[in-house]
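Enquirer: So I've got this file, input-v6.csv, and it contains CSV, C-alpha atoms:
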chain,number,residue,atom,x,y,z
A,1,MET,CA,0.0,0.0,0.0
A,2,ALA,CA,1.5,3.4,-1.1
A,3,VAL,CA,2.3,5.8,1.7
A,4,THR,CA,1.4,9.5,1.1
A,5,PRO,CA,3.7,12.0,2.9
A,6,ASP,CA,1.8,14.5,5.0
A,7,GLU,CA,2.3,18.3,4.6
A,8,ASP,CA,4.9,18.5,7.4
A,9,GLU,CA,7.1,15.9,5.7
A,10,VAL,CA,6.9,17.7,2.4
A,11,SER,CA,7.7,21.1,4.0
A,12,LEU,CA,10.7,19.6,5.8
A,13,ALA,CA,12.0,18.0,2.5
A,14,LEU,CA,11.7,21.3,0.7
A,15,LEU,CA,13.6,23.1,3.5
A,16,LEU,CA,16.4,20.6,3.4
A,17,LEU,CA,16.8,20.9,-0.4
A,18,GLN,CA,17.0,24.6,-0.1
A,19,GLN,CA,19.7,24.4,2.6
A,20,TYR,CA,21.7,21.5,1.1
A,21,PRO,CA,21.4,21.5,-2.8
A,22,VAL,CA,22.4,18.3,-4.5
A,23,SER,CA,26.1,17.9,-5.2
A,24,PHE,CA,26.0,17.4,-9.0
A,25,GLU,CA,24.6,20.9,-9.5
A,26,GLN,CA,27.4,22.4,-7.5
A,27,GLU,CA,30.0,20.5,-9.5
A,28,GLU,CA,28.5,21.8,-12.8
A,29,GLU,CA,28.6,25.4,-11.5
A,30,GLU,CA,32.3,25.0,-10.4
A,31,GLU,CA,33.2,23.6,-13.8
A,32,GLU,CA,31.6,26.5,-15.6
A,33,GLU,CA,33.5,28.9,-13.3
A,34,GLU,CA,36.9,27.3,-14.1
A,35,SER,CA,36.4,27.6,-17.8
A,36,VAL,CA,35.9,31.3,-17.7
A,37,SER,CA,39.6,32.3,-17.0
A,38,GLU,CA,41.7,29.2,-17.3
A,39,ASP,CA,45.0,31.0,-17.6
A,40,GLU,CA,44.5,32.9,-14.3
A,41,LEU,CA,43.2,29.8,-12.5
A,42,GLU,CA,46.3,27.8,-13.5
A,43,VAL,CA,48.5,30.4,-11.8
A,44,LYS,CA,46.2,30.8,-8.8
A,45,ILE,CA,45.9,27.0,-8.3
A,46,SER,CA,49.7,26.6,-8.5
A,47,ASN,CA,50.0,29.0,-5.6
A,48,GLN,CA,47.3,27.2,-3.6
A,49,THR,CA,48.9,23.9,-4.3
A,50,TYR,CA,52.1,24.9,-2.5
A,51,ALA,CA,50.1,26.1,0.6
A,52,ASN,CA,47.7,23.1,0.7
A,53,LYS,CA,49.9,20.0,0.0
A,54,GLY,CA,48.0,17.7,2.4
A,55,LYS,CA,44.5,18.3,0.9
A,56,LYS,CA,43.0,15.9,-1.7
A,57,ARG,CA,42.0,18.1,-4.6
A,58,LYS,CA,42.6,18.6,-8.3
A,59,VAL,CA,45.6,20.9,-8.5
A,60,ALA,CA,48.1,22.2,-11.2
A,61,GLU,CA,51.6,20.9,-11.3
A,62,VAL,CA,54.0,23.0,-9.3
A,63,ASP,CA,57.8,22.9,-9.3
A,64,ASN,CA,59.5,23.8,-6.1
A,65,SER,CA,62.8,21.9,-6.5
A,66,LYS,CA,66.2,23.3,-5.6
A,67,GLU,CA,67.4,22.4,-9.1
A,68,THR,CA,64.8,24.6,-10.7
A,69,LEU,CA,65.5,27.4,-8.4
A,70,LEU,CA,69.1,27.4,-9.4
A,71,ARG,CA,68.2,27.3,-13.1
A,72,MET,CA,65.8,30.2,-12.8
A,73,ILE,CA,68.3,32.3,-10.8
A,74,ASP,CA,70.9,31.7,-13.6
A,75,TRP,CA,68.3,32.5,-16.4
A,76,GLU,CA,67.3,35.7,-14.7
A,77,ALA,CA,70.9,36.8,-14.2
A,78,ASN,CA,71.8,36.1,-17.9
A,79,ARG,CA,68.6,37.2,-19.7
A,80,PRO,CA,69.3,39.9,-22.3
A,81,LYS,CA,68.2,43.4,-21.2
A,82,ASN,CA,67.7,44.4,-24.9
A,83,PRO,CA,66.3,42.4,-27.8
A,84,PRO,CA,69.1,40.2,-29.4
A,85,ARG,CA,70.2,41.3,-32.9
A,86,ARG,CA,69.0,38.0,-34.5
A,87,ILE,CA,65.4,39.1,-33.8
A,88,PHE,CA,65.9,42.0,-36.3
A,89,VAL,CA,67.7,40.0,-39.0
A,90,ARG,CA,65.0,40.9,-41.5
A,91,ASP,CA,64.5,44.5,-40.4
A,92,PRO,CA,67.8,45.7,-38.9
A,93,ASP,CA,66.7,49.3,-38.3
A,94,ALA,CA,63.3,48.6,-36.9
A,95,MET,CA,63.7,49.3,-33.2
A,96,GLY,CA,63.1,52.8,-31.9
A,97,ALA,CA,62.1,53.6,-28.3
A,98,CYS,CA,62.0,50.3,-26.4
A,99,SER,CA,60.6,49.2,-23.1
A,100,GLU,CA,62.3,47.2,-20.3
A,101,ALA,CA,61.9,43.5,-20.8
A,102,MET,CA,59.1,41.4,-19.1
A,103,TRP,CA,59.0,37.6,-18.9
A,104,LYS,CA,56.3,35.0,-19.0
A,105,GLN,CA,56.2,31.3,-18.2
A,106,LEU,CA,53.7,29.8,-20.7
A,107,THR,CA,50.5,28.3,-19.3
A,108,GLY,CA,48.2,25.7,-20.8
A,109,SER,CA,45.8,28.3,-22.3
A,110,ASP,CA,48.7,30.2,-23.9
A,111,VAL,CA,49.4,27.3,-26.2
A,112,LYS,CA,46.0,25.8,-26.7
A,113,GLU,CA,45.2,25.7,-30.4
A,114,ASN,CA,41.7,27.0,-30.0
A,115,GLN,CA,42.7,30.0,-27.9
A,116,CYS,CA,45.0,32.0,-30.2
A,117,ARG,CA,46.1,34.4,-27.5
A,118,LEU,CA,49.0,35.1,-25.2
A,119,MET,CA,48.0,36.6,-21.9
A,120,LEU,CA,50.4,39.2,-20.4
A,121,GLY,CA,50.9,40.6,-16.9
A,122,LYS,CA,48.8,43.6,-16.3
A,123,GLU,CA,51.3,45.6,-14.2
A,124,GLN,CA,54.2,44.8,-16.4
A,125,VAL,CA,52.4,45.9,-19.5
A,126,LYS,CA,51.4,49.1,-17.9
A,127,LYS,CA,55.0,50.0,-17.4
A,128,MET,CA,55.9,48.9,-20.9
A,129,MET,CA,53.2,51.2,-22.3
A,130,VAL,CA,54.4,54.2,-20.3
A,131,ASP,CA,58.0,53.5,-21.6
A,132,VAL,CA,56.9,53.4,-25.2
A,133,LEU,CA,53.6,55.2,-25.6
A,134,GLY,CA,53.9,57.8,-22.8
A,135,LYS,CA,51.1,58.7,-20.4
A,136,THR,CA,48.8,60.3,-23.0
A,137,GLU,CA,48.4,57.7,-25.7
A,138,LYS,CA,45.8,55.0,-25.1
A,139,LEU,CA,45.3,51.5,-26.4
A,140,GLY,CA,41.7,51.9,-27.4
A,141,ILE,CA,38.7,49.6,-27.2
A,142,HIS,CA,39.5,47.5,-30.2
A,143,GLY,CA,43.2,47.4,-29.6
A,144,GLN,CA,46.0,47.9,-32.2
A,145,LYS,CA,47.4,45.8,-34.9
A,146,VAL,CA,51.1,45.1,-34.1
A,147,SER,CA,54.0,43.4,-35.6
A,148,VAL,CA,55.7,40.7,-33.4
A,149,TYR,CA,59.3,39.9,-34.1
A,150,GLY,CA,60.2,36.3,-33.2
A,151,PRO,CA,63.5,34.7,-32.0
A,152,LYS,CA,64.7,34.0,-35.5
A,153,GLY,CA,63.6,37.2,-37.1
A,154,GLU,CA,60.1,36.1,-38.5
A,155,ILE,CA,57.5,38.8,-38.3
A,156,HIS,CA,54.0,37.9,-37.2
A,157,GLU,CA,50.9,40.2,-37.3
A,158,MET,CA,48.8,40.2,-34.2
A,159,VAL,CA,46.4,42.4,-32.3
A,160,PHE,CA,47.4,43.9,-28.9
A,161,LYS,CA,44.2,44.6,-26.8
A,162,MET,CA,42.6,44.3,-23.5
A,163,TRP,CA,40.7,41.1,-22.8
A,164,LYS,CA,37.8,41.3,-20.3
A,165,LYS,CA,38.6,45.0,-19.8
A,166,ASP,CA,41.8,44.6,-17.8
A,167,THR,CA,43.9,41.7,-19.1
A,168,PRO,CA,46.3,42.6,-21.9
A,169,VAL,CA,46.7,40.0,-24.6
A,170,LEU,CA,48.4,39.4,-28.0
A,171,ILE,CA,45.7,37.7,-30.0
A,172,SER,CA,44.9,36.4,-33.5
A,173,VAL,CA,46.0,33.5,-35.7
A,174,GLY,CA,49.4,35.2,-35.7
A,175,TRP,CA,50.0,33.9,-32.2
A,176,LYS,CA,48.7,30.5,-33.1
A,177,ASN,CA,51.3,30.4,-35.9
A,178,PHE,CA,54.0,31.7,-33.5
A,179,VAL,CA,53.3,28.8,-31.1
A,180,LYS,CA,53.6,26.3,-34.0
A,181,LYS,CA,56.7,27.9,-35.5
A,182,TYR,CA,58.7,27.6,-32.3
A,183,LYS,CA,57.0,24.5,-31.0
A,184,LEU,CA,56.2,26.2,-27.7
A,185,GLU,CA,54.9,24.2,-24.8
A,186,LYS,CA,53.3,25.0,-21.4
A,187,HIS,CA,55.5,25.4,-18.3
A,188,VAL,CA,58.9,24.6,-20.0
A,189,ASP,CA,59.0,27.6,-22.4
A,190,PHE,CA,59.8,31.0,-21.0
A,191,LEU,CA,59.4,34.2,-23.0
A,192,THR,CA,61.3,37.5,-22.7
A,193,ILE,CA,59.1,40.3,-24.2
A,194,TRP,CA,59.8,43.9,-25.2
A,195,MET,CA,57.5,46.5,-26.6
A,196,PHE,CA,59.0,49.1,-29.0
A,197,ARG,CA,58.0,51.7,-31.5
A,198,HIS,CA,59.1,51.1,-35.1
A,199,LYS,CA,61.7,53.7,-36.1
A,200,GLU,CA,60.2,54.4,-39.5
A,201,THR,CA,56.5,53.6,-39.3
A,202,ARG,CA,56.1,54.7,-35.6
A,203,LYS,CA,53.8,51.7,-35.1
A,204,ILE,CA,53.8,49.7,-31.9
A,205,CYS,CA,55.7,46.4,-32.2
A,206,PHE,CA,56.9,43.5,-29.9
A,207,ALA,CA,60.0,41.5,-29.8
A,208,ILE,CA,59.8,38.0,-28.2
A,209,ASP,CA,62.7,35.7,-27.4
A,210,SER,CA,62.1,32.2,-26.0
A,211,THR,CA,64.1,29.9,-23.7
A,212,ARG,CA,63.3,26.3,-22.9
A,213,ILE,CA,64.0,25.3,-19.3
A,214,PRO,CA,63.2,21.7,-18.1
A,215,VAL,CA,60.9,22.6,-15.2
A,216,LYS,CA,58.1,20.2,-14.0
A,217,GLY,CA,55.2,22.7,-13.6
A,218,MET,CA,54.3,26.2,-12.8
A,219,LEU,CA,57.0,27.9,-10.6
A,220,SER,CA,56.2,27.9,-6.9
A,221,PRO,CA,55.8,31.2,-5.0
A,222,LYS,CA,59.1,30.4,-3.2
A,223,ILE,CA,61.0,30.2,-6.5
A,224,LEU,CA,59.3,33.2,-8.0
A,225,ASN,CA,60.3,35.4,-5.0
A,226,ALA,CA,63.8,34.1,-4.7
A,227,ALA,CA,64.8,34.2,-8.4
A,228,PHE,CA,63.0,37.3,-9.7
A,229,LYS,CA,63.1,41.0,-8.6
A,230,ASN,CA,59.6,41.5,-10.0
A,231,PRO,CA,57.9,38.0,-9.8
A,232,SER,CA,54.6,39.1,-11.1
Write the structure described by the file as structure tokens, please.

Expert:
Amino acid sequence: MAVTPDEDEVSLALLLLQQYPVSFEQEEEEEEEESVSEDELEVKISNQTYANKGKKRKVAEVDNSKETLLRMIDWEANRPKNPPRRIFVRDPDAMGACSEAMWKQLTGSDVKENQCRLMLGKEQVKKMMVDVLGKTEKLGIHGQKVSVYGPKGEIHEMVFKMWKKDTPVLISVGWKNFVKKYKLEKHVDFLTIWMFRHKETRKICFAIDSTRIPVKGMLSPKILNAAFKNPS
């Protein structure tokens, strides 16, 4: 014989559902959240991993080894301050006013084939723009077309713009071709990046050099702070 719940039981069940929603709905919401800014999450998760080693959770790979620390200290000490001449082999007189160099450890989203973008550090790019553009010239809503000079002198056309209002990126199929040309991979490839104004056209350009370092994941906060003057 079927049992029909009374009104009190129904009310209690509804109250419990409101207070404790079912777990699969929470997981779906979390997955949607992670897909929004994958590049930023990879860096954030790598920092959380170092602080929460004992917890069972899905985390990014993080390298905190002494060997990697020594390698990064050596790389930082010997990184060129100005773009190497080989970058301008096809356009020797290109470089006019040039910014200080910034560096970037490539993340998974930087090299994903369907992304076609390189995310850059907000504060580092601000300084680069002041060095080259001055304080009055602005990037604009739609960004600017720029020429990007690669490690072996190839010139790739890209768009330099703000993504989601405050994240600077180099974007377009030009970046996708850049990744393929130099066989770039996440974590192990480190970029040194300069912004400069072309001496003749006065257009904004970038020069990018790449170095492969056999690390095993995103650099830990300990290595970042020990090896780099400006870790961000």

Enquirer: I'd like to know which of A:Asn114, A:Asp209, A:His142, A:Glu123 is closest to Arg85 of chain A, using all atoms listed in the file.

Expert: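 So, comparing all the options, the nearest one is A:Asp209.
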
Enquirer: Find the residue from A:Cys116, A:Leu70, A:Gly96, A:Gln105 that sits nearest to Glu200 of chain A; use only C-alpha atoms when measuring.

Expert: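 The answer is A:Gly96, which sits nearest to Glu200 of chain A.
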
Enquirer: Quick one: of A:Lys222, A:Arg90, A:Arg79, A:Arg197, who's nearest to Leu133 of chain A, counting only C-alpha atoms?

Expert: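 Between A:Lys222, A:Arg90, A:Arg79, A:Arg197, the residue approaching Leu133 of chain A most closely is A:Arg197.
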
Enquirer: Interatomic distance between atom CA of Thr107 of chain A and atom CA of Lys186 of chain A?

Expert: 4.8 Å

Enquirer: Which polymer residues have any atom within 12 Å of an atom of Pro92 of chain A, counting only C-alpha atoms, with same-chain residues fewer than 4 positions away left out, as a PyMOL selection string?

Expert: chain A and resi 83-88+96+149+153+198-200

Enquirer: Please, what distance in Å, to one decimal, runs between atom CA of Met195 of chain A and atom CA of Gln144 of chain A?

Expert: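 Atom-to-atom, atom CA of Met195 of chain A and atom CA of Gln144 of chain A are spaced 12.9 Å apart.
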
Enquirer: Between atom CA of Met72 of chain A and atom CA of Leu219 of chain A, what is the distance in Å, rounded to a tenth?

Expert: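 Atom-to-atom, atom CA of Met72 of chain A and atom CA of Leu219 of chain A are spaced 9.4 Å apart.
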
Enquirer: Choose the residue, out of A:Glu61, A:Glu157, A:Asp166, A:Glu76, that has the smallest atom-to-atom separation from Lys104 of chain A; count only C-alpha atoms.

Expert: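 Ranked by minimum distance to Lys104 of chain A, first place goes to A:Glu76.
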